[in-house]
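For reference, the structure is listed below as structure tokens.
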Amino acid sequence: MEETGVISGVSVSHVDATVDEIEAACRDDVRTTLADLLARDGVEEAFVIQTCNRVEAYVVTERPALGAAALADFAPDVRDGAVVTLDHEESLRHLMRVAAGLESLVLGEDQILGQLRRAEAEARAVDGIGTMLEDALRKAVHVGERARTETKINEGAVSLGSAAVRLAETETAVEGSTALVVGAGEMGTLAARALDSANVERLLVANRTVPHAEHVAAEVDTDATAVALDAAAAAASEADVVVTATSSAGYVLDREALAAAGETVLIDIAQPRDVDPAADDIPGVVVRDIDALETVTAETRERRRSETDVVEAMIDDELARLLDAYKRKRADDAISAMYESADAVKRREVRTALSKLDAQGEMTDEQRETVEALADALVGQLLAAPTKSLRDAAADDDWTTIQTAMQLFDPKFGDGATFEAAPFDSGERPDDEDAPPHVLRQYSDD
């Protein structure tokens, strides 16, 4: 695939959006969303990532306007101020910031790297990843890994799971309590470990697939029991603290299910939400969601702020390298097309010349080599200047020049393709001083 596209992105995250708005932007089936984006006009690649505090989509198109159009209705039910649109360079920088944990609710958290990899796998499953996004995501993950090995951005890492437990501690005594974790995925596992570290007396783990819940229960030292997801409401009535983190499309615990829960603090870190917000009106029941986590993550963010500048400088450096690599690839595509076209003409003309010379007397191998070397030298000399111009155009972001070159130096030209008159104002023969040599050659052969 030629490196001639640009990346466009759109983000709905905790930075500008509420939990309700993030929920409104969520999709039940990411692969279907990816397939829909790939079917849109001009979209060559697509990538979508959904986590508990962000929903983002990226597409690759030939022109920025096509990318903006493809993403225009990505979050139609979210207010304008909560939807952030990203151009090519902004998309690349943002992906690096996300991977480094700078855009996370818990600054520097590690889980985002695994989430990015899983989202890439989903996109690959529907052929959504091409060379542009592959390079962008590879660089983003590289930056994320560097940030965590070369800085202290994740020192004493606080996950969303542990942040949820800290939030619960502001509402009730967690130590010595009975706790319930709903969901046995990555976040549920982290929450279970955090509750174990907080010295709860008893832990219940509810999950749709009970063996997964049993696996989480076996990981902790606390007395832990696995139950089925449909038993979560009953388990909540036994628990003092509940942390929910499933991927269910609807509420796992609605208001009716919690009516008899008694004194219970529920921390919902799922997206979409697992707990009906209306349950907060039940006497004795306290419901907190991701928006409330800001209060307990502020301290971590402040403590790691000095490392943020180091990571930002790292991103600046890696972004510059990636942009330079994209520019070189774009110029190389055009240069390759130019040389391929010239080589096709050279082979044809050398073949014709050698045939005519052979008709006058058979040539020696040395004479043939001399003719071919002359042709190679002429091509090299003639294309040296335009090669430099194309590299300069890429460095200056002059994609119009590069696209024009791609059209002019059509690799199929040497195979007898008809020249397209589009680069000129009319289909008339161009003046000698305005046209590339092979264009004049094509007209003279007519």
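Order determines the names: the first chain of the structure tokens is A, the second B, and so forth; residues in each chain are numbered 1 upward, and ligands are numbered 1 upward as they are shown.
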
When you look at range 200-207 of chain A with a cut-off of 9 Å (counting only C-alpha atoms), what residues show up, excluding the ones that are within fewer than 5 positions of it in the same chain? I need them as a PyMOL selection string. chain A and resi 174-185+188+192+195+212-214+216-217+222-232+235+239+246

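Near range 351-359 of chain A, within 9 Å and counting only C-alpha atoms, sit Lys346, Arg347, Met363, Arg368 and Val371 of chain A, not including residues fewer than 4 positions from it in the same chain.
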
Range 16-26 of chain A surroundings by only C-alpha atoms, 6 Å radius, close-in-sequence under 6 positions cut, as a ChimeraX atom specification: /A:75,78,82,272

Kindly export the residues of the current selection with N, CA and C atoms, as an mmCIF file, in the first residue's frame.
data_model
loop_
_atom_site.group_PDB
_atom_site.id
_atom_site.type_symbol
_atom_site.label_atom_id
_atom_site.label_comp_id
_atom_site.auth_asym_id
_atom_site.auth_seq_id
_atom_site.Cartn_x
_atom_site.Cartn_y
_atom_site.Cartn_z
ATOM 1 N N ALA A 75 -20.107 10.212 16.792
ATOM 2 C CA ALA A 75 -20.740 10.346 18.108
ATOM 3 C C ALA A 75 -21.882 11.355 18.014
ATOM 4 N N VAL A 78 -23.543 12.987 21.243
ATOM 5 C CA VAL A 78 -22.654 13.635 22.210
ATOM 6 C C VAL A 78 -22.507 15.107 21.843
ATOM 7 N N ALA A 82 -17.688 17.867 23.765
ATOM 8 C CA ALA A 82 -17.127 16.620 24.291
ATOM 9 C C ALA A 82 -16.507 15.762 23.202
ATOM 10 N N PRO A 272 -20.141 0.446 28.887
ATOM 11 C CA PRO A 272 -21.209 1.209 29.535
ATOM 12 C C PRO A 272 -21.377 0.811 31.008
#

Going by DSSP on the backbone, which bits of range 249-371 of chain A are strand (DSSP E or B)? Write them as a ChimeraX atom specification, please. /A:253,264-268,275,285-288

With C-alpha atoms retained, could you export that selection as a PDB file, in the first residue's frame?
ATOM      1  CA  LEU A 253     -27.483  -4.179  38.813  1.00  0.00           C
ATOM      2  CA  THR A 264     -23.717  -0.645  50.341  1.00  0.00           C
ATOM      3  CA  VAL A 265     -21.176   1.425  48.442  1.00  0.00           C
ATOM      4  CA  LEU A 266     -21.032   0.650  44.718  1.00  0.00           C
ATOM      5  CA  ILE A 267     -18.152   1.868  42.549  1.00  0.00           C
ATOM      6  CA  ASP A 268     -18.974   1.422  38.864  1.00  0.00           C
ATOM      7  CA  VAL A 275     -25.121   0.030  37.860  1.00  0.00           C
ATOM      8  CA  VAL A 285     -26.982   2.819  48.838  1.00  0.00           C
ATOM      9  CA  VAL A 286     -24.153   4.966  47.457  1.00  0.00           C
ATOM     10  CA  VAL A 287     -23.358   4.767  43.740  1.00  0.00           C
ATOM     11  CA  ARG A 288     -20.219   6.325  42.290  1.00  0.00           C
TER      12      ARG A 288
END
